[in-house]
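Heads up, work-v1.tsv below (TSV, C-alpha atoms):
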```
chain	number	residue	atom	x	y	z
N	1	MET	CA	-30.78	22.11	3.24
N	2	SER	CA	-30.12	24.76	5.85
N	3	ALA	CA	-32.36	27.26	7.54
N	4	GLU	CA	-29.37	29.60	7.62
N	5	ASN	CA	-28.48	31.82	4.68
N	6	ILE	CA	-25.91	30.47	2.28
N	7	ALA	CA	-23.46	33.23	1.43
N	8	ALA	CA	-22.11	31.77	-1.82
N	9	PHE	CA	-22.24	28.78	-4.13
N	10	VAL	CA	-19.49	27.17	-6.21
N	11	ASP	CA	-19.75	24.29	-8.68
N	12	ILE	CA	-16.58	22.19	-8.96
N	13	THR	CA	-18.03	19.35	-11.01
N	14	ASP	CA	-16.47	20.85	-14.15
N	15	VAL	CA	-12.85	20.60	-12.94
N	16	ILE	CA	-10.55	17.89	-11.68
N	17	CYS	CA	-8.08	17.64	-8.80
N	18	PRO	CA	-6.25	19.80	-7.83
N	19	ILE	CA	-8.30	22.56	-9.46
N	20	THR	CA	-11.34	21.40	-7.46
N	21	PHE	CA	-9.82	22.65	-4.22
N	22	VAL	CA	-8.36	25.76	-5.85
N	23	LYS	CA	-11.84	26.80	-6.96
N	24	VAL	CA	-13.18	26.20	-3.45
N	25	LYS	CA	-10.39	28.28	-1.91
N	26	VAL	CA	-11.09	31.16	-4.29
N	27	ALA	CA	-14.80	31.01	-3.40
N	28	LEU	CA	-13.97	31.03	0.32
N	29	GLU	CA	-11.91	34.21	-0.19
N	30	ASP	CA	-15.09	36.03	-1.15
N	31	ILE	CA	-17.07	35.28	2.02
N	32	ASP	CA	-16.56	36.24	5.66
N	33	ALA	CA	-15.49	33.95	8.49
N	34	GLY	CA	-18.52	32.18	9.94
N	35	GLU	CA	-20.49	32.33	6.68
N	36	LEU	CA	-21.60	29.28	4.71
N	37	LEU	CA	-20.39	28.25	1.27
N	38	ALA	CA	-22.29	25.62	-0.72
N	39	ILE	CA	-20.15	23.47	-2.99
N	40	ARG	CA	-21.48	21.16	-5.67
N	41	MET	CA	-19.03	18.31	-6.24
N	42	ASN	CA	-18.84	14.89	-7.85
N	43	ASP	CA	-18.95	11.57	-6.08
N	44	GLY	CA	-15.65	9.68	-5.71
N	45	GLU	CA	-12.35	11.48	-5.41
N	46	PRO	CA	-13.78	15.03	-4.89
N	47	VAL	CA	-16.14	14.10	-2.04
N	48	ARG	CA	-13.41	12.03	-0.39
N	49	ASN	CA	-10.67	14.65	-0.63
N	50	VAL	CA	-12.13	18.18	-0.80
N	51	PRO	CA	-13.91	18.02	2.60
N	52	ARG	CA	-10.75	16.59	4.14
N	53	SER	CA	-8.70	19.47	2.74
N	54	LEU	CA	-11.29	21.94	4.07
N	55	LYS	CA	-10.89	20.43	7.53
N	56	ASP	CA	-7.10	20.67	7.29
N	57	GLU	CA	-7.44	24.37	6.49
N	58	GLY	CA	-9.65	25.08	9.49
N	59	HIS	CA	-13.11	25.13	7.90
N	60	LEU	CA	-16.08	23.09	9.15
N	61	VAL	CA	-18.18	20.84	6.96
N	62	ALA	CA	-21.69	21.41	8.24
N	63	ALA	CA	-23.74	19.22	5.92
N	64	VAL	CA	-23.36	16.82	3.01
N	65	GLU	CA	-26.33	16.00	0.82
N	66	ARG	CA	-26.59	13.70	-2.15
N	67	ARG	CA	-28.51	15.34	-5.01
N	68	VAL	CA	-30.81	13.50	-7.39
N	69	ASP	CA	-28.20	13.76	-10.18
N	70	GLY	CA	-25.63	11.82	-8.09
N	71	THR	CA	-23.51	14.85	-7.22
N	72	PHE	CA	-23.17	16.18	-3.67
N	73	THR	CA	-23.82	19.55	-2.11
N	74	VAL	CA	-21.38	20.22	0.71
N	75	LEU	CA	-22.04	23.11	3.06
N	76	VAL	CA	-18.92	24.49	4.68
N	77	ARG	CA	-18.56	27.15	7.35
N	78	LYS	CA	-15.53	29.34	6.74
N	79	GLY	CA	-13.05	29.11	9.60
N	80	GLY	CA	-15.49	27.04	11.65
N	81	ASN	CA	-12.96	24.41	12.65
N	82	GLN	CA	-10.25	26.51	14.26
Y	1	MET	CA	37.52	-20.44	-18.08
Y	2	ALA	CA	36.35	-22.23	-14.92
Y	3	GLN	CA	32.81	-23.58	-14.75
Y	4	VAL	CA	30.41	-20.76	-13.86
Y	5	ASP	CA	28.04	-21.46	-10.98
Y	6	TYR	CA	24.96	-19.68	-12.32
Y	7	LYS	CA	22.83	-20.77	-9.38
Y	8	ALA	CA	25.23	-19.10	-6.95
Y	9	LEU	CA	25.20	-15.95	-9.07
Y	10	LYS	CA	21.40	-15.96	-9.19
Y	11	LYS	CA	21.27	-16.28	-5.45
Y	12	ALA	CA	23.43	-13.20	-5.18
Y	13	GLY	CA	21.10	-11.19	-7.40
Y	14	LEU	CA	22.75	-11.64	-10.78
Y	15	MET	CA	20.51	-12.37	-13.72
Y	16	ARG	CA	22.12	-13.99	-16.73
Y	17	GLN	CA	21.57	-11.99	-19.89
Y	18	VAL	CA	20.99	-13.06	-23.49
Y	19	GLN	CA	24.47	-11.69	-24.20
Y	20	LYS	CA	27.26	-14.12	-23.27
Y	21	ASP	CA	28.85	-13.52	-19.84
Y	22	ARG	CA	26.82	-10.41	-19.18
Y	23	PHE	CA	24.62	-10.04	-16.12
Y	24	SER	CA	21.87	-7.74	-15.05
Y	25	MET	CA	22.81	-6.97	-11.47
Y	26	ARG	CA	19.83	-6.77	-9.15
Y	27	LEU	CA	20.26	-4.43	-6.20
Y	28	ARG	CA	18.73	-4.82	-2.80
Y	29	ALA	CA	15.79	-2.50	-2.26
Y	30	VAL	CA	13.40	-2.44	0.67
Y	31	GLY	CA	10.05	-0.80	0.15
Y	32	GLY	CA	11.36	1.07	-2.88
Y	33	ARG	CA	13.54	3.44	-0.88
Y	34	VAL	CA	16.92	4.43	-2.33
Y	35	SER	CA	19.12	7.14	-0.81
Y	36	GLY	CA	20.98	9.82	-2.71
Y	37	GLU	CA	24.29	8.27	-1.69
Y	38	GLN	CA	23.18	4.93	-3.10
Y	39	LEU	CA	21.96	6.54	-6.31
Y	40	ALA	CA	25.32	8.27	-6.78
Y	41	LYS	CA	27.17	4.97	-6.39
Y	42	ILE	CA	24.74	3.17	-8.71
Y	43	LYS	CA	25.26	5.85	-11.38
Y	44	GLU	CA	29.02	5.55	-11.04
Y	45	VAL	CA	28.93	1.75	-11.43
Y	46	ALA	CA	26.45	1.83	-14.33
Y	47	ASP	CA	28.69	4.33	-16.15
Y	48	ARG	CA	31.92	2.47	-15.53
Y	49	TYR	CA	30.90	-1.19	-15.70
Y	50	GLY	CA	27.50	-1.24	-17.40
Y	51	GLN	CA	26.13	0.80	-20.26
Y	52	GLY	CA	25.30	3.98	-18.38
Y	53	TYR	CA	21.70	3.18	-17.52
Y	54	VAL	CA	19.64	1.22	-15.01
Y	55	HIS	CA	16.42	-0.75	-15.30
Y	56	LEU	CA	13.63	-0.13	-12.77
Y	57	THR	CA	12.04	-3.49	-12.04
Y	58	SER	CA	8.35	-4.22	-11.56
Y	59	ARG	CA	9.09	-4.72	-7.85
Y	60	GLN	CA	10.58	-1.33	-7.00
Y	61	GLY	CA	14.12	-2.54	-7.49
Y	62	ILE	CA	17.03	-1.35	-9.59
Y	63	GLU	CA	19.07	-3.52	-11.93
Y	64	ILE	CA	22.32	-2.55	-13.63
Y	65	PRO	CA	22.48	-4.46	-16.93
Y	66	PHE	CA	25.62	-5.44	-18.88
Y	67	ILE	CA	27.91	-6.20	-15.95
Y	68	ARG	CA	30.74	-8.46	-17.19
Y	69	LEU	CA	31.31	-11.78	-15.49
Y	70	GLU	CA	34.91	-10.86	-14.72
Y	71	ASP	CA	33.87	-7.55	-13.09
Y	72	ILE	CA	31.28	-8.99	-10.71
Y	73	GLU	CA	33.53	-9.19	-7.67
Y	74	GLN	CA	34.92	-5.69	-8.16
Y	75	VAL	CA	31.48	-4.19	-8.81
Y	76	THR	CA	30.01	-5.91	-5.75
Y	77	ALA	CA	32.77	-4.43	-3.57
Y	78	GLU	CA	32.37	-0.94	-5.04
Y	79	LEU	CA	28.60	-1.00	-4.55
Y	80	ALA	CA	28.99	-2.20	-0.97
Y	81	ALA	CA	31.30	0.76	-0.28
Y	82	GLY	CA	28.42	3.04	-1.34
Y	83	GLY	CA	25.88	1.27	0.85
Y	84	VAL	CA	24.35	-0.77	-1.99
Y	85	LEU	CA	23.84	-4.50	-1.51
Y	86	LEU	CA	22.81	-7.07	-4.09
Y	87	GLY	CA	19.24	-8.33	-4.24
Y	88	ALA	CA	17.84	-11.83	-4.42
Y	89	CYS	CA	16.70	-13.97	-7.35
Y	90	GLY	CA	15.75	-17.64	-7.29
Y	91	PRO	CA	13.81	-19.71	-4.72
Y	92	ARG	CA	13.81	-17.41	-1.72
Y	93	VAL	CA	12.13	-14.37	-0.15
Y	94	ARG	CA	12.39	-11.66	-2.77
Y	95	THR	CA	12.40	-7.89	-2.74
Y	96	ILE	CA	9.86	-6.58	-0.26
Y	97	THR	CA	7.71	-3.93	-1.84
Y	98	ALA	CA	5.81	-1.15	-0.11
Y	99	CYS	CA	3.96	2.07	-0.81
Y	100	GLN	CA	5.04	5.16	1.15
Y	101	GLY	CA	2.40	4.50	3.81
Y	102	ALA	CA	1.25	6.56	6.77
Y	103	ALA	CA	4.61	8.33	7.20
Y	104	ILE	CA	4.04	10.18	3.90
Y	105	CYS	CA	0.60	9.50	2.40
Y	106	PRO	CA	-2.55	11.17	3.80
Y	107	ASP	CA	-4.51	7.96	3.11
Y	108	GLY	CA	-1.96	5.66	4.80
Y	109	LEU	CA	-3.06	3.72	7.86
Y	110	ILE	CA	0.14	1.81	8.72
Y	111	ASP	CA	3.87	2.57	8.64
Y	112	THR	CA	4.72	0.51	5.56
Y	113	ALA	CA	8.40	1.51	5.32
Y	114	GLU	CA	9.07	0.42	8.88
Y	115	LEU	CA	7.25	-2.89	8.36
Y	116	ALA	CA	9.18	-3.51	5.12
Y	117	ALA	CA	12.47	-2.98	6.96
Y	118	ASP	CA	11.36	-5.27	9.81
Y	119	LEU	CA	10.31	-8.02	7.41
Y	120	ASP	CA	13.50	-7.65	5.37
Y	121	ALA	CA	15.67	-7.91	8.49
Y	122	ARG	CA	13.87	-11.05	9.65
Y	123	PHE	CA	13.02	-12.87	6.44
Y	124	GLY	CA	14.83	-11.23	3.49
Y	125	GLY	CA	16.50	-13.79	1.21
Y	126	ARG	CA	15.36	-16.83	3.21
Y	127	GLU	CA	15.60	-20.09	1.25
Y	128	LEU	CA	12.25	-21.61	0.23
Y	129	PRO	CA	10.87	-24.13	-2.31
Y	130	HIS	CA	10.21	-21.29	-4.78
Y	131	LYS	CA	10.23	-17.52	-4.96
Y	132	PHE	CA	8.16	-15.80	-2.27
Y	133	LYS	CA	6.98	-12.21	-2.41
Y	134	PHE	CA	5.92	-9.83	0.34
Y	135	GLY	CA	4.03	-6.66	-0.53
Y	136	ILE	CA	2.83	-3.96	1.84
Y	137	THR	CA	0.17	-1.39	1.05
Y	138	GLY	CA	-0.90	1.34	3.45
Y	139	CYS	CA	-4.64	1.27	2.90
Y	140	ARG	CA	-7.52	-0.15	0.94
Y	141	ASN	CA	-6.67	2.01	-2.09
Y	142	ASN	CA	-4.10	-0.75	-2.54
Y	143	CYS	CA	-1.55	1.16	-4.64
Y	144	LEU	CA	0.93	-1.61	-3.86
Y	145	LYS	CA	-1.44	-4.46	-4.89
Y	146	ALA	CA	-1.15	-6.55	-1.71
Y	147	GLU	CA	-3.16	-9.51	-3.03
Y	148	GLU	CA	-0.78	-10.22	-5.92
Y	149	ASN	CA	1.90	-11.24	-3.41
Y	150	ASP	CA	2.46	-14.62	-1.77
Y	151	LEU	CA	1.93	-12.71	1.46
Y	152	GLY	CA	0.31	-9.32	1.33
Y	153	PHE	CA	-0.14	-6.74	4.10
Y	154	LYS	CA	-2.75	-4.02	3.90
Y	155	GLY	CA	-3.41	-1.21	6.33
Y	156	GLY	CA	-6.92	-1.04	7.73
Y	157	LEU	CA	-8.79	0.94	10.35
Y	158	LYS	CA	-11.52	-0.38	12.59
Y	159	PRO	CA	-13.64	2.71	13.13
Y	160	GLU	CA	-15.34	3.91	16.29
Y	161	TRP	CA	-17.95	6.62	16.44
Y	162	SER	CA	-18.55	9.09	19.24
Y	163	GLY	CA	-22.03	10.62	19.32
Y	164	GLU	CA	-20.90	13.51	21.52
Y	165	LYS	CA	-18.62	14.97	18.87
Y	166	CYS	CA	-20.76	14.27	15.79
Y	167	ASN	CA	-22.37	17.17	13.91
Y	168	TYR	CA	-24.38	14.75	11.72
Y	169	CYS	CA	-23.15	16.37	8.52
Y	170	GLY	CA	-23.37	13.07	6.62
Y	171	LEU	CA	-19.90	13.16	5.09
Y	172	CYS	CA	-18.98	9.70	6.44
Y	173	ALA	CA	-22.05	8.18	4.83
Y	174	ALA	CA	-21.17	9.92	1.56
Y	175	VAL	CA	-17.60	8.61	1.45
Y	176	CYS	CA	-18.20	5.09	2.82
Y	177	PRO	CA	-17.65	2.66	-0.10
Y	178	ALA	CA	-19.56	-0.13	1.67
Y	179	ALA	CA	-22.76	1.76	2.57
Y	180	ALA	CA	-22.12	0.82	6.20
Y	181	ILE	CA	-23.16	4.22	7.58
Y	182	ALA	CA	-26.50	6.00	7.47
Y	183	VAL	CA	-26.98	9.49	8.88
Y	184	ALA	CA	-30.27	11.27	9.53
Y	185	ARG	CA	-29.28	14.90	9.97
Y	186	ASP	CA	-32.59	16.29	11.14
Y	187	ALA	CA	-33.22	13.46	13.60
Y	188	ARG	CA	-29.53	13.62	14.64
Y	189	THR	CA	-29.02	9.86	14.47
Y	190	LEU	CA	-26.32	7.72	12.92
Y	191	ALA	CA	-26.43	3.98	12.20
Y	192	PHE	CA	-23.22	2.01	11.65
Y	193	ASP	CA	-23.34	-1.58	10.39
Y	194	GLU	CA	-19.95	-2.97	11.38
Y	195	ASP	CA	-20.49	-6.20	9.46
Y	196	LYS	CA	-20.43	-4.21	6.22
Y	197	CYS	CA	-17.31	-2.21	7.18
Y	198	VAL	CA	-14.24	-2.84	4.98
Y	199	TYR	CA	-11.77	-1.02	7.31
Y	200	CYS	CA	-10.85	1.59	4.70
Y	201	GLY	CA	-10.73	4.41	7.26
Y	202	LYS	CA	-12.37	6.96	4.94
Y	203	CYS	CA	-15.01	7.89	7.57
Y	204	ALA	CA	-12.32	8.75	10.12
Y	205	HIS	CA	-10.06	10.50	7.61
Y	206	GLY	CA	-12.75	12.82	6.37
Y	207	CYS	CA	-14.79	13.47	9.50
Y	208	PRO	CA	-14.86	17.26	10.12
Y	209	ALA	CA	-15.91	16.84	13.76
Y	210	VAL	CA	-13.40	14.11	14.69
Y	211	ALA	CA	-16.38	11.98	15.75
Y	212	TRP	CA	-14.85	8.99	13.98
Y	213	SER	CA	-11.61	7.53	15.25
Y	214	GLY	CA	-10.37	3.97	15.46
Y	215	GLN	CA	-7.51	1.54	15.64
Y	216	SER	CA	-5.19	0.85	12.72
Y	217	GLY	CA	-4.26	-2.71	11.89
Y	218	TYR	CA	-3.01	-5.15	9.29
Y	219	ILE	CA	-5.09	-7.21	6.88
Y	220	LEU	CA	-3.12	-10.17	5.53
Y	221	SER	CA	-3.64	-11.98	2.23
Y	222	PHE	CA	-2.14	-15.37	1.43
Y	223	GLY	CA	-1.21	-17.07	-1.82
Y	224	GLY	CA	-1.43	-14.30	-4.39
Y	225	LEU	CA	0.03	-14.87	-7.86
Y	226	PHE	CA	0.41	-12.48	-10.76
Y	227	GLY	CA	2.66	-14.24	-13.24
Y	228	ASN	CA	2.06	-17.40	-15.24
Y	229	ARG	CA	-1.03	-17.89	-13.16
Y	230	ILE	CA	-3.13	-15.06	-11.80
Y	231	ALA	CA	-4.96	-15.41	-8.50
Y	232	ALA	CA	-5.72	-12.96	-5.71
Y	233	GLY	CA	-4.42	-13.72	-2.23
Y	234	GLU	CA	-7.01	-14.88	0.30
Y	235	GLU	CA	-7.81	-13.18	3.59
Y	236	LEU	CA	-7.69	-16.01	6.12
Y	237	LEU	CA	-7.56	-14.03	9.36
Y	238	PRO	CA	-9.36	-11.12	11.00
Y	239	ILE	CA	-7.58	-7.75	11.06
Y	240	ILE	CA	-4.50	-7.78	13.33
Y	241	PHE	CA	-3.79	-4.71	15.43
Y	242	GLU	CA	-0.34	-5.41	16.87
Y	243	LYS	CA	2.68	-5.40	14.56
Y	244	GLU	CA	4.55	-7.85	16.80
Y	245	LYS	CA	1.86	-10.46	16.14
Y	246	LEU	CA	2.68	-10.42	12.44
Y	247	PHE	CA	6.12	-11.97	12.67
Y	248	PRO	CA	5.07	-15.31	14.24
Y	249	LEU	CA	2.41	-15.56	11.53
Y	250	VAL	CA	5.00	-15.00	8.81
Y	251	GLU	CA	7.20	-17.65	10.44
Y	252	LYS	CA	4.30	-20.11	10.43
Y	253	THR	CA	3.52	-19.32	6.80
Y	254	LEU	CA	7.10	-19.86	5.65
Y	255	ALA	CA	7.40	-23.01	7.80
Y	256	PHE	CA	4.25	-24.37	6.14
Y	257	PHE	CA	5.78	-23.70	2.72
Y	258	VAL	CA	9.10	-25.34	3.66
Y	259	ARG	CA	7.36	-28.40	5.13
Y	260	HIS	CA	4.81	-28.97	2.36
Y	261	GLY	CA	6.16	-27.21	-0.72
Y	262	ARG	CA	7.75	-29.13	-3.58
Y	263	PRO	CA	10.79	-27.63	-5.27
Y	264	GLY	CA	9.64	-25.16	-7.90
Y	265	GLU	CA	6.08	-25.03	-6.59
Y	266	ARG	CA	4.58	-21.63	-5.79
Y	267	PHE	CA	3.09	-21.13	-2.34
Y	268	ARG	CA	-0.49	-20.99	-3.58
Y	269	ASP	CA	-0.12	-24.28	-5.42
Y	270	THR	CA	1.21	-25.86	-2.24
Y	271	VAL	CA	-1.69	-24.48	-0.21
Y	272	GLU	CA	-4.24	-25.66	-2.76
Y	273	ARG	CA	-2.71	-29.15	-2.79
Y	274	VAL	CA	-2.45	-29.43	1.00
Y	275	GLY	CA	-5.59	-27.47	1.78
Y	276	TRP	CA	-6.51	-23.91	2.80
Y	277	ASP	CA	-7.95	-25.25	6.04
Y	278	ALA	CA	-4.59	-26.80	6.93
Y	279	LEU	CA	-2.89	-23.43	6.52
Y	280	ARG	CA	-5.62	-21.59	8.40
Y	281	LYS	CA	-5.39	-24.12	11.23
Y	282	GLU	CA	-1.62	-23.68	11.55
Y	283	LEU	CA	-1.93	-19.91	11.50
Y	284	THR	CA	-4.54	-19.81	14.24
Y	285	GLU	CA	-2.98	-22.42	16.54
```

Have the structure of the file written as structure tokens, please.
Amino acid sequence: MSAENIAAFVDITDVICPITFVKVKVALEDIDAGELLAIRMNDGEPVRNVPRSLKDEGHLVAAVERRVDGTFTVLVRKGGNQ
Amino acid sequence: MAQVDYKALKKAGLMRQVQKDRFSMRLRAVGGRVSGEQLAKIKEVADRYGQGYVHLTSRQGIEIPFIRLEDIEQVTAELAAGGVLLGACGPRVRTITACQGAAICPDGLIDTAELAADLDARFGGRELPHKFKFGITGCRNNCLKAEENDLGFKGGLKPEWSGEKCNYCGLCAAVCPAAAIAVARDARTLAFDEDKCVYCGKCAHGCPAVAWSGQSGYILSFGGLFGNRIAAGEELLPIIFEKEKLFPLVEKTLAFFVRHGRPGERFRDTVERVGWDALRKELTE
């Protein structure tokens, strides 16, 4: 979904709020500013709230794609919204 | 003992209990907000004159059960000294309920607490053919269940999209509950079908590029019931953007009820008997 390299991937479909965002934050710790993290998340509450929290913390959602299994892949650029 | 005027007591927020000459004292609450000072006074009164507990009502109010008939005057004065007024029972505008709204909640689109206070100041306790409930909810999530009230208020947002700021990530399309948005990332195009929009504001709330913005407003629902009969309030008007425009509409609604309502008839039953078109006509005149 992106020509650019994805630095890391995290699946948060196995946890519920607020652990969803905690897992994302931990994954962001492991990559550098400007790099991309791919997040697999469920429809509903996670896709409504996790990208919003990312924005609030200064990261930039670059792409959102619905997968065939109904989950979403969200690409986020660390620190890209500051 | 002198004849007890139960109707007068009910009007003042006193609910007669099963136990002889005991009353559950309903306290005035607006939008479910109670200060620490009020809580301290309520605790004091419940300990001294009640049975040391309160009941939280289904409409965000507080009642102090087991107040003795002979203590009512004294208790009323003591509560008033702590900034606590009595609520309303009977055929009048009842407790106005509200979620925390935009002042607190990230999803909120309108200032519900402020609107609750405004409505209470203007219409609280007004005499009507039957009970009449206002409920205010900050957004389409509807935590406060606007449509179960005789008159419900719901925050909405009419979104606007700016192509210059958009990064075409597709998040708005993913979160839109009405499938009103379609984004083609590679072609860098976005299609918005405003007729499908439900004014939930999720596109604007989530947008990482601030490409979505919009104007907040109020969506009104009329004639909701959630007691003996259950019926959702009806949206009769388009979204209203100015708060000041709400108050004349409330006046017209209550005037309609006073003019057409029979004693003991709920607002919806009056509207159904007289006609929804008649109400809509009066509201839009």

- Spatial neighbours of segment 16-30 of chain N, max dist 9 Å, all atoms listed in the file, sep filter under 2 positions, as a PyMOL selection string: chain N and resi 8-14+32-33+36-37+39+41+45-46+49-50+53-54+78

- Task: Output as a count of residues only the set of chain N residues within 9 Å of chain Y, with distances taken over only C-alpha atoms.
- Result: 24

- Please, what distance in Å, to one decimal, runs between atom CA of Arg48 of chain Y and atom CA of Ile96 of chain Y?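 Straight-line distance from atom CA of Arg48 of chain Y to atom CA of Ile96 of chain Y works out to 28.3 Å.
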
- Task: To one decimal in Å, tell me the separation between atom CA of Leu236 of chain Y and atom CA of Pro91 of chain Y.
- Result: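 Taking atom CA of Leu236 of chain Y and atom CA of Pro91 of chain Y, their separation equals 24.4 Å.
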
- Task: Fewer than 5 positions away in the same chain doesn't count, so skip those; otherwise give me all residues within 10 Å of Arg126 of chain Y, counting all atoms listed in the file, as number ranges by chain.
- Result: Y: 88, 91-94, 120, 131-132, 254

- Task: Just give me the residues with any atom within 8 Å of (29.0, -10.7, -19.5), file coordinates, counting only C-alpha atoms, written as number ranges by chain.
- Result: Y: 17, 19-23, 66-70

- Message: I'd like the interatomic distance between atom CA of Cys139 of chain Y and atom CA of Gly108 of chain Y, to a tenth of an Å.
- Response: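 Straight-line distance from atom CA of Cys139 of chain Y to atom CA of Gly108 of chain Y works out to 5.5 Å.
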
- Query: Hey, which of Y:Asn141, Y:Gln51, Y:Thr112, Y:Gln215 ends up closest to Glu160 of chain Y? Count only C-alpha atoms.
  - Reply: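 Among Y:Asn141, Y:Gln51, Y:Thr112, Y:Gln215, it is Y:Gln215 that comes nearest to Glu160 of chain Y.
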
Hey, can I get the axis-aligned box for segment 23-37 of chain N? All listed atoms, 4 Å padding on each side, centre and edge lengths in Å to one decimal, as lines of an AutoDock Vina configuration file.
```
center_x = -16.0
center_y = 31.2
center_z = 1.5
size_x = 19.2
size_y = 18.0
size_z = 24.9
```

- Nearest to Ala8 of chain Y among Y:Gly90, Y:Arg229, Y:Phe222, Y:Leu56, with distances taken over only C-alpha atoms: which residue is it?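 Distance minimum relative to Ala8 of chain Y lands on Y:Gly90.
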
Radius query 12 Å about (26.9, -19.1, -10.4), atoms used: all atoms listed in the file, as a compact mmCIF listing (two decimals) with C-alpha atoms, in the frame of the given file:
```
# COMPACT_ATOMS: atom_id res chain seq x y z
CA ALA Y 2 36.35 -22.23 -14.92
CA GLN Y 3 32.81 -23.58 -14.75
CA VAL Y 4 30.41 -20.76 -13.86
CA ASP Y 5 28.04 -21.46 -10.98
CA TYR Y 6 24.96 -19.68 -12.32
CA LYS Y 7 22.83 -20.77 -9.38
CA ALA Y 8 25.23 -19.10 -6.95
CA LEU Y 9 25.20 -15.95 -9.07
CA LYS Y 10 21.40 -15.96 -9.19
CA LYS Y 11 21.27 -16.28 -5.45
CA ALA Y 12 23.43 -13.20 -5.18
CA GLY Y 13 21.10 -11.19 -7.40
CA LEU Y 14 22.75 -11.64 -10.78
CA MET Y 15 20.51 -12.37 -13.72
CA ARG Y 16 22.12 -13.99 -16.73
CA ASP Y 21 28.85 -13.52 -19.84
CA PHE Y 23 24.62 -10.04 -16.12
CA LEU Y 69 31.31 -11.78 -15.49
CA ILE Y 72 31.28 -8.99 -10.71
CA CYS Y 89 16.70 -13.97 -7.35
CA GLY Y 90 15.75 -17.64 -7.29
```

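Checking Y:Tyr49, Y:Trp212, Y:Phe247, Y:Phe192 one by one against Leu151 of chain Y, counting all atoms listed in the file, you find the shortest gap at Y:Phe247.
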
Might you pull out every residue within 9 Å of Pro238 of chain Y, with all atoms listed in the file counted and same-chain residues fewer than 4 positions away left off, and present them as an mmCIF file with C-alpha atoms, in the coordinates of the input?
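What follows is the written file around_34.cif:
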```
data_model
loop_
_atom_site.group_PDB
_atom_site.id
_atom_site.type_symbol
_atom_site.label_atom_id
_atom_site.label_comp_id
_atom_site.auth_asym_id
_atom_site.auth_seq_id
_atom_site.Cartn_x
_atom_site.Cartn_y
_atom_site.Cartn_z
ATOM 1 C CA TYR Y 218 -3.010 -5.150 9.290
ATOM 2 C CA ILE Y 219 -5.090 -7.210 6.880
ATOM 3 C CA LEU Y 220 -3.120 -10.170 5.530
#
```
